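Novice: Pasting a structure below so you can have a look.
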Amino acid sequence: MIYPDFIRRGDTVYVTAPSNGNADEIDFIRLDRAKAALRERGVETLETPDVRKSEKGRSSDAKQRADEFTEAWLSGAKAVFAAKGGDFLMEMLTFVPFGELCRRPKWFQGFSDNTSIGFILSTCYDIASLYGDNFNTFAMEEWHKSVIDNWRILSGETVTQYSFDKYQDEWVQSETGKEGYVLDTPVKWKCINESGGVSVAGRLTGGCLDVLLNLAGTKYDHVKEYVKRYRRDGILWFIESFSLGGADIERGLWQLGEAGWFENVKGFVFGRPAFFTPEYDTTYDEALMNQLGKYNVPIITGADIGHKPPQFTVVNGAYGIFSCMDGKGSLDMKFV
């Protein structure tokens with residue numbers, strides 16, 4: 001696995017919009033505040049032309065988004081951040097010259113719809129990427145511990161991330177652009193198929209299930225080769241979902257299993273689903289067990305990953321150790 005150079009004072013980073021862009025005045029305020037926060041830490045931020053545009057769920061057409069992403073990547077910037085999530089990033093993948101870009105590895109960070117880019121970098125090209133907050137999260141006036149840990153990881157520090165006491169259950173509209181999270185619901189990790197404490201290790205791989213299902217079976221699906229390459233470590237899947245209901249999740253996990261994605265699996269860690277709808281009187285945990293119980297590996301749910309903040313920064317491709325006990329959890333990562 002290739003780990004790009006970490007960010008240092010005096011470096012420059014880029015923010016681009018491979019999916020949707022910033023759409024309104026509060027978005028622009030948050031973007032500017034995020035850039036100012038990095039400047040205070042000695043890092044300048046450049047932005048591609050369509051970061052402040054949004055039309056029908058896209059920052060621009062697919063080719064333009066790919067060109068801007070490529071521009072950011074081929075620059076001297078140390079890292080590329082996604083401005084936003086969305087629904088249509090997959091359109092731009094066709095126009096991205098991944099083979100050329102991967103000769104100049106650097107960090108990419110984003111989540112949700114940005115799963116595609118990070119997952120392709122890690123599973124196809126063995127370049128580690130960061131599954132974590134999109135760029136505007138750096139705008140909050142007082143950085144949450146999760147954001148501090150994110151920056152420490154980007155700066156090359158060894159960080160143990162611990163589960164938080166509470167999370168934000170509902171989406172909250174920013175009014176000033178500098179607010180932090182509205183933490184209103186207790187965090188509770190659990191292993192749904194083993195009692196007591198559990199610790200599971202393996203090569204960290206995953207992202208948003210909604211997006212992973214779009215990649216399966218395409219020319220960007222090299223997961224069978226990837227899980228074979230890292231079979232000595234085994235694969236530790238981290239997964240979260242946005243809008244999938246219970247039946248969607250069951251069908252999706254069955255599909256990925258039949259496609260060979262879960263060979264050499266060591267465990268599964270699931271973040272809090274954003275908009276889960278139970279179906280057929282089946283709970284979320286039951287849906288997971290129905291499709292993943294046969295692998296006889298730990299299945300952890302409620303983890304601080306994904307759309308209901310705060311979230312861990314998970315390095316796709318790193319060797320990770322997730323631990324869970326008494327409703328709490330942690331993640332250690334080794335860049336080996």
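Chain labels A, B, ... are given in the sequence in which chains occur in the structure tokens; within each chain residues are numbered consecutively from 1, and ligands are likewise numbered from 1 in the order shown.
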I want to know what sits within 10 Å of Arg65 of chain A, based on only C-alpha atoms, with residues of the same chain fewer than 4 positions away left out; could you give that as a ChimeraX atom specification?

Specialist: /A:16-20,48-51,58-61,69-71,89,91-93,95-96

Novice: Next, write the just-selected residues to a file, as an mmCIF file, in the first residue's frame, keeping C-alpha atoms as the atom set.

Specialist:
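File produced: out-v2.cif:
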data_model
loop_
_atom_site.group_PDB
_atom_site.id
_atom_site.type_symbol
_atom_site.label_atom_id
_atom_site.label_comp_id
_atom_site.auth_asym_id
_atom_site.auth_seq_id
_atom_site.Cartn_x
_atom_site.Cartn_y
_atom_site.Cartn_z
ATOM 1 C CA THR A 16 -12.673 20.355 -5.853
ATOM 2 C CA ALA A 17 -16.248 19.239 -6.535
ATOM 3 C CA PRO A 18 -16.364 15.847 -8.270
ATOM 4 C CA SER A 19 -20.018 15.432 -7.279
ATOM 5 C CA ASN A 20 -22.123 18.406 -6.193
ATOM 6 C CA THR A 48 -11.227 24.562 -8.726
ATOM 7 C CA PRO A 49 -13.671 26.783 -10.705
ATOM 8 C CA ASP A 50 -16.878 24.845 -10.046
ATOM 9 C CA VAL A 51 -16.595 24.408 -6.267
ATOM 10 C CA ARG A 58 -23.939 18.577 -10.054
ATOM 11 C CA SER A 59 -21.185 21.163 -9.818
ATOM 12 C CA SER A 60 -20.768 20.956 -13.613
ATOM 13 C CA ASP A 61 -20.950 18.369 -16.377
ATOM 14 C CA PHE A 69 -10.224 16.894 -10.362
ATOM 15 C CA THR A 70 -7.293 16.045 -12.655
ATOM 16 C CA GLU A 71 -6.047 19.645 -12.507
ATOM 17 C CA LEU A 89 -20.050 11.465 -9.070
ATOM 18 C CA GLU A 91 -20.524 10.115 -14.275
ATOM 19 C CA MET A 92 -17.096 11.733 -14.088
ATOM 20 C CA LEU A 93 -15.128 8.527 -13.456
ATOM 21 C CA PHE A 95 -13.031 10.827 -17.874
ATOM 22 C CA VAL A 96 -10.491 10.533 -15.053
#

Novice: Within 9 Å of Gln109 of chain A, counting only C-alpha atoms, which residues qualify if same-chain residues fewer than 6 places away don't, as an NGL selection string?

Specialist: :A and (79-82 or 118 or 129-135)

Novice: Of the candidates A:Val269, A:Ala259, A:Ala36, A:Ile2, which one gets nearest to Glu141 of chain A if we count only C-alpha atoms?

Specialist: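 So, comparing all the options, the nearest one is A:Ala36.
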
Novice: From a DSSP calculation on the backbone, collect every residue of segment 128-307 of chain A in strand (DSSP E or B) and output the set as a CSV table (one decimal) with all heavy atoms, in the first residue's frame.

Specialist:
chain,number,residue,atom,x,y,z
A,129,SER,N,-6.3,6.2,0.8
A,129,SER,CA,-7.2,7.5,0.8
A,129,SER,C,-7.9,7.6,2.1
A,129,SER,O,-8.0,6.7,2.9
A,129,SER,CB,-8.2,7.4,-0.4
A,129,SER,OG,-9.0,6.2,-0.2
A,130,LEU,N,-8.5,8.8,2.3
A,130,LEU,CA,-9.2,9.0,3.6
A,130,LEU,C,-10.7,9.1,3.4
A,130,LEU,O,-11.2,9.9,2.6
A,130,LEU,CB,-8.7,10.3,4.2
A,130,LEU,CG,-7.2,10.4,4.5
A,130,LEU,CD1,-6.5,11.3,3.6
A,130,LEU,CD2,-6.9,10.8,6.0
A,131,TYR,N,-11.4,8.2,4.2
A,131,TYR,CA,-12.8,8.3,4.2
A,131,TYR,C,-13.2,9.2,5.4
A,131,TYR,O,-13.1,8.7,6.6
A,131,TYR,CB,-13.5,6.9,4.3
A,131,TYR,CG,-15.0,6.9,4.0
A,131,TYR,CD1,-15.4,7.0,2.7
A,131,TYR,CD2,-15.9,6.9,5.1
A,131,TYR,CE1,-16.8,7.0,2.4
A,131,TYR,CE2,-17.3,6.9,4.8
A,131,TYR,CZ,-17.7,7.0,3.4
A,131,TYR,OH,-19.0,7.0,3.2
A,161,GLN,N,-8.4,6.7,17.7
A,161,GLN,CA,-9.7,7.4,17.7
A,161,GLN,C,-10.7,6.6,18.6
A,161,GLN,O,-10.8,5.4,18.4
A,161,GLN,CB,-10.3,7.5,16.2
A,161,GLN,CG,-9.4,8.3,15.3
A,161,GLN,CD,-9.9,8.3,13.9
A,161,GLN,OE1,-10.8,9.1,13.5
A,161,GLN,NE2,-9.3,7.5,13.1
A,162,TYR,N,-11.3,7.3,19.5
A,162,TYR,CA,-12.2,6.7,20.4
A,162,TYR,C,-13.7,7.1,20.1
A,162,TYR,O,-13.9,8.3,19.7
A,162,TYR,CB,-11.9,7.1,21.9
A,162,TYR,CG,-10.5,6.6,22.3
A,162,TYR,CD1,-9.4,7.4,22.3
A,162,TYR,CD2,-10.4,5.2,22.8
A,162,TYR,CE1,-8.2,6.9,22.7
A,162,TYR,CE2,-9.1,4.7,23.2
A,162,TYR,CZ,-8.0,5.6,23.1
A,162,TYR,OH,-6.8,5.1,23.5
A,166,LYS,N,-21.9,11.3,22.2
A,166,LYS,CA,-23.2,11.5,21.6
A,166,LYS,C,-22.9,11.8,20.1
A,166,LYS,O,-21.8,12.2,19.7
A,166,LYS,CB,-23.9,12.7,22.2
A,166,LYS,CG,-24.4,12.4,23.6
A,166,LYS,CD,-25.3,13.5,24.1
A,166,LYS,CE,-25.9,13.2,25.5
A,166,LYS,NZ,-26.7,14.3,26.0
A,167,TYR,N,-24.0,11.7,19.3
A,167,TYR,CA,-23.9,12.0,17.9
A,167,TYR,C,-25.1,12.8,17.5
A,167,TYR,O,-26.1,13.0,18.3
A,167,TYR,CB,-23.8,10.8,17.0
A,167,TYR,CG,-25.1,9.9,16.9
A,167,TYR,CD1,-26.0,10.1,16.0
A,167,TYR,CD2,-25.3,8.9,17.9
A,167,TYR,CE1,-27.2,9.3,15.9
A,167,TYR,CE2,-26.4,8.0,17.8
A,167,TYR,CZ,-27.3,8.3,16.8
A,167,TYR,OH,-28.5,7.5,16.7
A,185,THR,N,-27.9,12.4,20.7
A,185,THR,CA,-28.2,11.0,20.9
A,185,THR,C,-27.0,10.2,21.3
A,185,THR,O,-25.9,10.4,20.8
A,185,THR,CB,-28.7,10.5,19.5
A,185,THR,OG1,-29.8,11.3,19.0
A,185,THR,CG2,-29.2,9.0,19.7
A,186,PRO,N,-27.2,9.4,22.3
A,186,PRO,CA,-26.0,8.6,22.8
A,186,PRO,C,-25.5,7.7,21.8
A,186,PRO,O,-26.2,7.0,21.0
A,186,PRO,CB,-26.6,7.8,24.0
A,186,PRO,CG,-27.8,8.6,24.4
A,186,PRO,CD,-28.4,9.2,23.2
A,190,LYS,N,-22.0,-1.9,19.3
A,190,LYS,CA,-22.2,-3.2,19.7
A,190,LYS,C,-21.8,-4.2,18.7
A,190,LYS,O,-21.7,-3.9,17.5
A,190,LYS,CB,-23.7,-3.5,20.1
A,190,LYS,CG,-24.6,-3.3,19.0
A,190,LYS,CD,-26.1,-3.5,19.4
A,190,LYS,CE,-27.1,-3.2,18.3
A,190,LYS,NZ,-28.5,-3.5,18.7
A,191,CYS,N,-21.4,-5.4,19.2
A,191,CYS,CA,-21.1,-6.5,18.3
A,191,CYS,C,-22.3,-7.4,18.3
A,191,CYS,O,-22.7,-7.9,19.4
A,191,CYS,CB,-19.8,-7.3,18.7
A,191,CYS,SG,-19.4,-8.6,17.6
A,198,VAL,N,-14.8,-7.3,21.9
A,198,VAL,CA,-14.2,-7.9,20.6
A,198,VAL,C,-13.2,-6.9,20.0
A,198,VAL,O,-13.4,-5.7,20.1
A,198,VAL,CB,-15.4,-8.2,19.6
A,198,VAL,CG1,-16.1,-6.9,19.2
A,198,VAL,CG2,-14.8,-8.9,18.4
A,199,SER,N,-12.2,-7.5,19.4
A,199,SER,CA,-11.2,-6.7,18.7
A,199,SER,C,-10.9,-7.4,17.4
A,199,SER,O,-10.7,-8.6,17.4
A,199,SER,CB,-9.9,-6.5,19.5
A,199,SER,OG,-9.0,-5.7,18.8
A,200,VAL,N,-11.0,-6.7,16.3
A,200,VAL,CA,-10.8,-7.3,15.0
A,200,VAL,C,-9.9,-6.5,14.1
A,200,VAL,O,-9.9,-5.3,14.2
A,200,VAL,CB,-12.2,-7.5,14.3
A,200,VAL,CG1,-12.9,-6.2,14.1
A,200,VAL,CG2,-12.0,-8.2,13.0
A,201,ALA,N,-9.0,-7.1,13.4
A,201,ALA,CA,-8.0,-6.4,12.6
A,201,ALA,C,-8.0,-6.9,11.2
A,201,ALA,O,-8.3,-8.0,10.9
A,201,ALA,CB,-6.6,-6.7,13.3
A,202,GLY,N,-7.5,-6.0,10.3
A,202,GLY,CA,-7.4,-6.4,8.9
A,202,GLY,C,-7.2,-5.1,8.1
A,202,GLY,O,-7.0,-4.0,8.6
A,203,ARG,N,-7.1,-5.3,6.8
A,203,ARG,CA,-6.9,-4.2,5.8
A,203,ARG,C,-8.2,-3.5,5.7
A,203,ARG,O,-9.2,-4.0,5.2
A,203,ARG,CB,-6.4,-4.8,4.5
A,203,ARG,CG,-5.9,-3.8,3.5
A,203,ARG,CD,-4.6,-3.0,3.9
A,203,ARG,NE,-3.5,-3.9,4.2
A,203,ARG,CZ,-2.2,-3.4,4.4
A,203,ARG,NH1,-2.0,-2.1,4.4
A,203,ARG,NH2,-1.3,-4.2,4.8
A,204,LEU,N,-8.2,-2.2,6.1
A,204,LEU,CA,-9.4,-1.4,6.1
A,204,LEU,C,-9.9,-1.1,4.6
A,204,LEU,O,-9.1,-0.6,3.8
A,204,LEU,CB,-9.2,-0.1,6.8
A,204,LEU,CG,-9.0,-0.2,8.3
A,204,LEU,CD1,-8.4,1.1,8.8
A,204,LEU,CD2,-10.3,-0.6,9.0
A,205,THR,N,-11.1,-1.4,4.4
A,205,THR,CA,-11.7,-1.3,3.0
A,205,THR,C,-13.2,-1.0,3.1
A,205,THR,O,-13.9,-1.6,3.9
A,205,THR,CB,-11.5,-2.6,2.2
A,205,THR,OG1,-10.1,-3.0,2.2
A,205,THR,CG2,-12.0,-2.4,0.8
A,206,GLY,N,-13.6,0.0,2.4
A,206,GLY,CA,-15.1,0.3,2.4
A,206,GLY,C,-15.5,1.6,2.0
A,206,GLY,O,-14.8,2.3,1.3
A,207,GLY,N,-16.6,2.1,2.6
A,207,GLY,CA,-17.2,3.4,2.3
A,207,GLY,C,-18.7,3.3,2.4
A,207,GLY,O,-19.3,2.5,3.1
A,208,CYS,N,-19.4,4.1,1.5
A,208,CYS,CA,-20.9,4.2,1.5
A,208,CYS,C,-21.4,3.0,0.7
A,208,CYS,O,-21.1,2.9,-0.5
A,208,CYS,CB,-21.3,5.5,1.0
A,208,CYS,SG,-23.1,5.7,1.0
A,235,ILE,N,-9.3,-8.8,5.2
A,235,ILE,CA,-10.0,-7.5,4.9
A,235,ILE,C,-11.0,-7.2,6.1
A,235,ILE,O,-11.8,-8.0,6.5
A,235,ILE,CB,-10.8,-7.6,3.6
A,235,ILE,CG1,-9.8,-8.0,2.5
A,235,ILE,CG2,-11.4,-6.3,3.3
A,235,ILE,CD1,-8.7,-7.1,2.2
A,236,LEU,N,-10.9,-6.0,6.6
A,236,LEU,CA,-11.8,-5.5,7.6
A,236,LEU,C,-12.7,-4.4,6.9
A,236,LEU,O,-12.2,-3.3,6.6
A,236,LEU,CB,-11.0,-4.9,8.7
A,236,LEU,CG,-11.7,-4.2,9.9
A,236,LEU,CD1,-12.8,-5.2,10.4
A,236,LEU,CD2,-10.8,-3.9,11.0
A,237,TRP,N,-13.9,-4.8,6.6
A,237,TRP,CA,-14.8,-3.9,5.9
A,237,TRP,C,-15.4,-2.9,6.8
A,237,TRP,O,-16.0,-3.2,7.9
A,237,TRP,CB,-15.9,-4.7,5.2
A,237,TRP,CG,-15.5,-5.4,4.0
A,237,TRP,CD1,-15.0,-6.7,3.9
A,237,TRP,CD2,-15.4,-4.9,2.7
A,237,TRP,NE1,-14.7,-7.0,2.6
A,237,TRP,CE2,-14.9,-5.9,1.8
A,237,TRP,CE3,-15.8,-3.7,2.1
A,237,TRP,CZ2,-14.8,-5.7,0.5
A,237,TRP,CZ3,-15.6,-3.5,0.8
A,237,TRP,CH2,-15.1,-4.5,0.0
A,238,PHE,N,-15.4,-1.6,6.5
A,238,PHE,CA,-16.1,-0.6,7.2
A,238,PHE,C,-17.2,0.0,6.2
A,238,PHE,O,-16.9,0.3,5.0
A,238,PHE,CB,-15.2,0.6,7.7
A,238,PHE,CG,-14.5,1.4,6.6
A,238,PHE,CD1,-15.1,2.6,6.2
A,238,PHE,CD2,-13.3,1.0,6.1
A,238,PHE,CE1,-14.5,3.3,5.2
A,238,PHE,CE2,-12.7,1.8,5.1
A,238,PHE,CZ,-13.3,2.9,4.7
A,239,ILE,N,-18.4,0.0,6.6
A,239,ILE,CA,-19.5,0.3,5.7
A,239,ILE,C,-20.5,1.1,6.4
A,239,ILE,O,-20.8,1.0,7.6
A,239,ILE,CB,-20.2,-1.0,5.2
A,239,ILE,CG1,-19.2,-1.9,4.4
A,239,ILE,CG2,-21.4,-0.8,4.4
A,239,ILE,CD1,-19.7,-3.3,4.1
A,240,GLU,N,-21.1,2.1,5.7
A,240,GLU,CA,-22.2,2.9,6.2
A,240,GLU,C,-23.2,3.1,5.0
A,240,GLU,O,-22.8,2.8,3.8
A,240,GLU,CB,-21.8,4.2,6.7
A,240,GLU,CG,-20.9,5.0,5.8
A,240,GLU,CD,-21.6,6.3,5.3
A,240,GLU,OE1,-22.8,6.5,5.7
A,240,GLU,OE2,-21.0,7.0,4.4
A,265,VAL,N,-12.4,-12.1,4.5
A,265,VAL,CA,-12.9,-11.1,5.4
A,265,VAL,C,-12.6,-11.5,6.9
A,265,VAL,O,-12.7,-12.6,7.3
A,265,VAL,CB,-14.5,-10.9,5.3
A,265,VAL,CG1,-15.2,-12.2,5.6
A,265,VAL,CG2,-14.9,-9.7,6.1
A,266,LYS,N,-12.2,-10.5,7.6
A,266,LYS,CA,-11.9,-10.6,9.1
A,266,LYS,C,-13.0,-10.1,9.9
A,266,LYS,O,-13.2,-10.5,11.1
A,266,LYS,CB,-10.6,-9.9,9.4
A,266,LYS,CG,-9.3,-10.6,8.9
A,266,LYS,CD,-9.2,-12.0,9.5
A,266,LYS,CE,-7.9,-12.7,9.1
A,266,LYS,NZ,-6.7,-12.0,9.8
A,267,GLY,N,-13.8,-9.1,9.4
A,267,GLY,CA,-14.8,-8.5,10.2
A,267,GLY,C,-15.5,-7.4,9.4
A,267,GLY,O,-15.1,-7.0,8.4
A,268,PHE,N,-16.7,-7.0,10.0
A,268,PHE,CA,-17.5,-5.9,9.4
A,268,PHE,C,-17.7,-4.9,10.5
A,268,PHE,O,-18.1,-5.2,11.6
A,268,PHE,CB,-18.8,-6.4,8.8
A,268,PHE,CG,-18.7,-7.4,7.7
A,268,PHE,CD1,-18.7,-8.8,8.0
A,268,PHE,CD2,-18.6,-7.0,6.4
A,268,PHE,CE1,-18.7,-9.7,7.0
A,268,PHE,CE2,-18.5,-7.9,5.4
A,268,PHE,CZ,-18.5,-9.3,5.7
A,269,VAL,N,-17.6,-3.6,10.1
A,269,VAL,CA,-17.9,-2.5,11.0
A,269,VAL,C,-18.8,-1.6,10.3
A,269,VAL,O,-18.5,-1.0,9.3
A,269,VAL,CB,-16.6,-1.8,11.5
A,269,VAL,CG1,-17.0,-0.6,12.4
A,269,VAL,CG2,-15.6,-2.7,12.1
A,270,PHE,N,-20.0,-1.4,10.9
A,270,PHE,CA,-21.1,-0.6,10.2
A,270,PHE,C,-21.3,0.7,11.0
A,270,PHE,O,-21.4,0.7,12.2
A,270,PHE,CB,-22.4,-1.3,10.2
A,270,PHE,CG,-22.4,-2.4,9.1
A,270,PHE,CD1,-21.9,-3.7,9.4
A,270,PHE,CD2,-22.9,-2.1,7.8
A,270,PHE,CE1,-21.9,-4.7,8.4
A,270,PHE,CE2,-22.9,-3.1,6.8
A,270,PHE,CZ,-22.4,-4.4,7.1
A,271,GLY,N,-21.3,1.8,10.2
A,271,GLY,CA,-21.6,3.1,10.8
A,271,GLY,C,-23.1,3.3,11.0
A,271,GLY,O,-23.9,2.4,10.6
A,279,GLU,N,-38.0,-3.1,6.9
A,279,GLU,CA,-39.0,-3.7,6.1
A,279,GLU,C,-39.2,-5.2,6.5
A,279,GLU,O,-38.3,-5.8,7.0
A,279,GLU,CB,-38.6,-3.6,4.6
A,279,GLU,CG,-38.4,-2.2,4.1
A,279,GLU,CD,-37.7,-2.1,2.7
A,279,GLU,OE1,-36.5,-2.4,2.7
A,279,GLU,OE2,-38.4,-1.8,1.7
A,282,THR,N,-38.1,-6.5,9.9
A,282,THR,CA,-36.7,-6.9,10.1
A,282,THR,C,-35.9,-5.7,10.5
A,282,THR,O,-35.9,-4.7,9.8
A,282,THR,CB,-36.2,-7.5,8.8
A,282,THR,OG1,-37.0,-8.6,8.4
A,282,THR,CG2,-34.7,-7.9,9.0
A,299,ILE,N,-19.4,-8.7,13.7
A,299,ILE,CA,-20.1,-7.7,13.0
A,299,ILE,C,-20.4,-6.6,14.0
A,299,ILE,O,-21.2,-6.8,14.9
A,299,ILE,CB,-21.4,-8.2,12.4
A,299,ILE,CG1,-21.1,-9.4,11.4
A,299,ILE,CG2,-22.2,-7.1,11.7
A,299,ILE,CD1,-22.4,-10.1,11.0
A,300,ILE,N,-19.8,-5.4,13.9
A,300,ILE,CA,-20.0,-4.3,14.8
A,300,ILE,C,-20.9,-3.3,14.2
A,300,ILE,O,-20.7,-3.0,13.0
A,300,ILE,CB,-18.6,-3.7,15.1
A,300,ILE,CG1,-17.7,-4.7,15.9
A,300,ILE,CG2,-18.8,-2.4,16.0
A,300,ILE,CD1,-16.3,-4.2,16.0
A,301,THR,N,-21.8,-2.8,14.9
A,301,THR,CA,-22.7,-1.7,14.4
A,301,THR,C,-22.7,-0.5,15.3
A,301,THR,O,-22.2,-0.6,16.5
A,301,THR,CB,-24.2,-2.2,14.3
A,301,THR,OG1,-24.7,-2.6,15.6
A,301,THR,CG2,-24.3,-3.5,13.4
A,302,GLY,N,-23.2,0.6,14.8
A,302,GLY,CA,-23.3,1.8,15.6
A,302,GLY,C,-22.0,2.6,15.7
A,302,GLY,O,-21.9,3.6,16.4
A,303,ALA,N,-21.0,2.3,14.8
A,303,ALA,CA,-19.7,2.9,14.8
A,303,ALA,C,-19.8,4.4,14.3
A,303,ALA,O,-20.7,4.7,13.6
A,303,ALA,CB,-18.7,2.1,14.0

Novice: Fewer than 4 positions away in the same chain doesn't count, so skip those; otherwise give me all residues within 10 Å of Lys78 of chain A, counting only C-alpha atoms, as an MDAnalysis selection string.

Specialist: chainID A and resid 4:8 11:14 43 72:73 105:108 154

Novice: Store the residues picked out above, limited to all heavy atoms, as a compact mmCIF listing (two decimals), in the first residue's frame.

Specialist:
# COMPACT_ATOMS: atom_id res chain seq x y z
N PRO A 4 0.65 8.44 0.68
CA PRO A 4 1.19 9.71 0.18
C PRO A 4 1.87 10.52 1.28
O PRO A 4 1.71 10.25 2.47
CB PRO A 4 -0.06 10.43 -0.35
CG PRO A 4 -1.05 9.33 -0.62
CD PRO A 4 -0.79 8.31 0.43
N ASP A 5 2.61 11.54 0.89
CA ASP A 5 3.25 12.44 1.85
C ASP A 5 2.19 13.16 2.67
O ASP A 5 1.15 13.59 2.14
CB ASP A 5 4.11 13.47 1.12
CG ASP A 5 5.32 12.85 0.45
OD1 ASP A 5 5.72 11.74 0.86
OD2 ASP A 5 5.86 13.47 -0.49
N PHE A 6 2.46 13.30 3.94
CA PHE A 6 1.53 13.99 4.83
C PHE A 6 1.65 15.50 4.67
O PHE A 6 2.62 16.02 4.11
CB PHE A 6 1.78 13.57 6.28
CG PHE A 6 1.46 12.12 6.53
CD1 PHE A 6 2.47 11.18 6.64
CD2 PHE A 6 0.14 11.71 6.63
CE1 PHE A 6 2.18 9.84 6.86
CE2 PHE A 6 -0.16 10.38 6.85
CZ PHE A 6 0.86 9.43 6.97
N ILE A 7 0.64 16.21 5.18
CA ILE A 7 0.59 17.66 5.06
C ILE A 7 1.48 18.31 6.11
O ILE A 7 1.48 17.92 7.28
CB ILE A 7 -0.87 18.15 5.20
CG1 ILE A 7 -1.73 17.58 4.07
CG2 ILE A 7 -0.93 19.67 5.22
CD1 ILE A 7 -3.21 17.88 4.22
N ARG A 8 2.23 19.31 5.69
CA ARG A 8 3.11 20.07 6.58
C ARG A 8 2.82 21.57 6.44
O ARG A 8 2.23 22.01 5.45
CB ARG A 8 4.58 19.80 6.23
CG ARG A 8 5.00 18.35 6.34
CD ARG A 8 5.19 17.93 7.79
NE ARG A 8 5.68 16.56 7.89
CZ ARG A 8 4.93 15.51 8.18
NH1 ARG A 8 3.63 15.67 8.39
NH2 ARG A 8 5.46 14.30 8.27
N ASP A 11 2.55 23.87 3.07
CA ASP A 11 1.99 23.14 1.94
C ASP A 11 0.71 23.81 1.43
O ASP A 11 0.13 24.69 2.07
CB ASP A 11 1.66 21.70 2.35
CG ASP A 11 2.90 20.82 2.47
OD1 ASP A 11 3.93 21.19 1.88
OD2 ASP A 11 2.83 19.78 3.14
N THR A 12 0.30 23.34 0.26
CA THR A 12 -0.96 23.76 -0.34
C THR A 12 -1.83 22.54 -0.56
O THR A 12 -1.33 21.46 -0.89
CB THR A 12 -0.70 24.46 -1.69
OG1 THR A 12 0.10 25.62 -1.47
CG2 THR A 12 -2.00 24.86 -2.37
N VAL A 13 -3.14 22.70 -0.37
CA VAL A 13 -4.09 21.65 -0.68
C VAL A 13 -5.12 22.21 -1.66
O VAL A 13 -5.22 23.42 -1.86
CB VAL A 13 -4.79 21.11 0.59
CG1 VAL A 13 -3.77 20.54 1.56
CG2 VAL A 13 -5.64 22.18 1.26
N TYR A 14 -5.88 21.31 -2.27
CA TYR A 14 -6.89 21.70 -3.24
C TYR A 14 -8.25 21.21 -2.77
O TYR A 14 -8.37 20.12 -2.20
CB TYR A 14 -6.59 21.07 -4.60
CG TYR A 14 -6.36 22.04 -5.74
CD1 TYR A 14 -5.12 22.15 -6.35
CD2 TYR A 14 -7.41 22.84 -6.21
CE1 TYR A 14 -4.91 23.02 -7.41
CE2 TYR A 14 -7.20 23.72 -7.27
CZ TYR A 14 -5.95 23.81 -7.86
OH TYR A 14 -5.75 24.68 -8.91
N VAL A 43 -1.38 26.25 6.11
CA VAL A 43 -1.67 25.55 4.86
C VAL A 43 -2.61 26.38 4.00
O VAL A 43 -3.67 26.80 4.47
CB VAL A 43 -2.29 24.16 5.14
CG1 VAL A 43 -2.70 23.46 3.85
CG2 VAL A 43 -1.31 23.29 5.93
N ALA A 72 -6.46 19.49 -10.14
CA ALA A 72 -6.08 19.55 -8.72
C ALA A 72 -5.04 18.50 -8.38
O ALA A 72 -4.06 18.76 -7.67
CB ALA A 72 -7.32 19.39 -7.85
N TRP A 73 -5.24 17.30 -8.91
CA TRP A 73 -4.34 16.19 -8.59
C TRP A 73 -2.94 16.41 -9.15
O TRP A 73 -1.93 16.11 -8.50
CB TRP A 73 -4.92 14.88 -9.12
CG TRP A 73 -4.23 13.67 -8.58
CD1 TRP A 73 -3.07 13.10 -9.03
CD2 TRP A 73 -4.64 12.87 -7.47
NE1 TRP A 73 -2.74 12.00 -8.29
CE2 TRP A 73 -3.69 11.83 -7.31
CE3 TRP A 73 -5.72 12.92 -6.59
CZ2 TRP A 73 -3.79 10.86 -6.31
CZ3 TRP A 73 -5.82 11.95 -5.61
CH2 TRP A 73 -4.86 10.94 -5.48
N PRO A 105 1.07 9.96 -6.49
CA PRO A 105 0.11 9.73 -5.40
C PRO A 105 0.03 10.90 -4.43
O PRO A 105 1.03 11.55 -4.12
CB PRO A 105 0.66 8.47 -4.71
CG PRO A 105 2.10 8.40 -5.09
CD PRO A 105 2.19 8.99 -6.46
N LYS A 106 -1.18 11.16 -3.96
CA LYS A 106 -1.41 12.14 -2.92
C LYS A 106 -2.71 11.77 -2.20
O LYS A 106 -3.46 10.90 -2.64
CB LYS A 106 -1.49 13.56 -3.47
CG LYS A 106 -2.61 13.82 -4.44
CD LYS A 106 -2.51 15.25 -5.00
CE LYS A 106 -1.16 15.49 -5.67
NZ LYS A 106 -1.00 16.85 -6.19
N TRP A 107 -2.97 12.41 -1.08
CA TRP A 107 -4.15 12.10 -0.31
C TRP A 107 -5.41 12.64 -0.98
O TRP A 107 -5.42 13.78 -1.47
CB TRP A 107 -4.06 12.69 1.10
CG TRP A 107 -3.05 12.02 1.97
CD1 TRP A 107 -1.85 12.54 2.41
CD2 TRP A 107 -3.13 10.70 2.52
NE1 TRP A 107 -1.20 11.63 3.19
CE2 TRP A 107 -1.96 10.49 3.28
CE3 TRP A 107 -4.09 9.68 2.45
CZ2 TRP A 107 -1.71 9.30 3.96
CZ3 TRP A 107 -3.84 8.49 3.12
CH2 TRP A 107 -2.68 8.31 3.86
N PHE A 108 -6.46 11.83 -0.96
CA PHE A 108 -7.80 12.29 -1.32
C PHE A 108 -8.70 12.05 -0.12
O PHE A 108 -8.66 10.97 0.48
CB PHE A 108 -8.35 11.53 -2.53
CG PHE A 108 -9.80 11.86 -2.80
CD1 PHE A 108 -10.14 13.05 -3.43
CD2 PHE A 108 -10.82 11.00 -2.40
CE1 PHE A 108 -11.47 13.37 -3.66
CE2 PHE A 108 -12.15 11.32 -2.62
CZ PHE A 108 -12.48 12.51 -3.25
N LEU A 154 -3.93 13.61 8.96
CA LEU A 154 -3.41 14.20 7.72
C LEU A 154 -2.00 14.74 7.89
O LEU A 154 -1.24 14.83 6.93
CB LEU A 154 -4.33 15.33 7.26
CG LEU A 154 -5.60 14.93 6.51
CD1 LEU A 154 -6.59 16.08 6.50
CD2 LEU A 154 -5.27 14.50 5.09
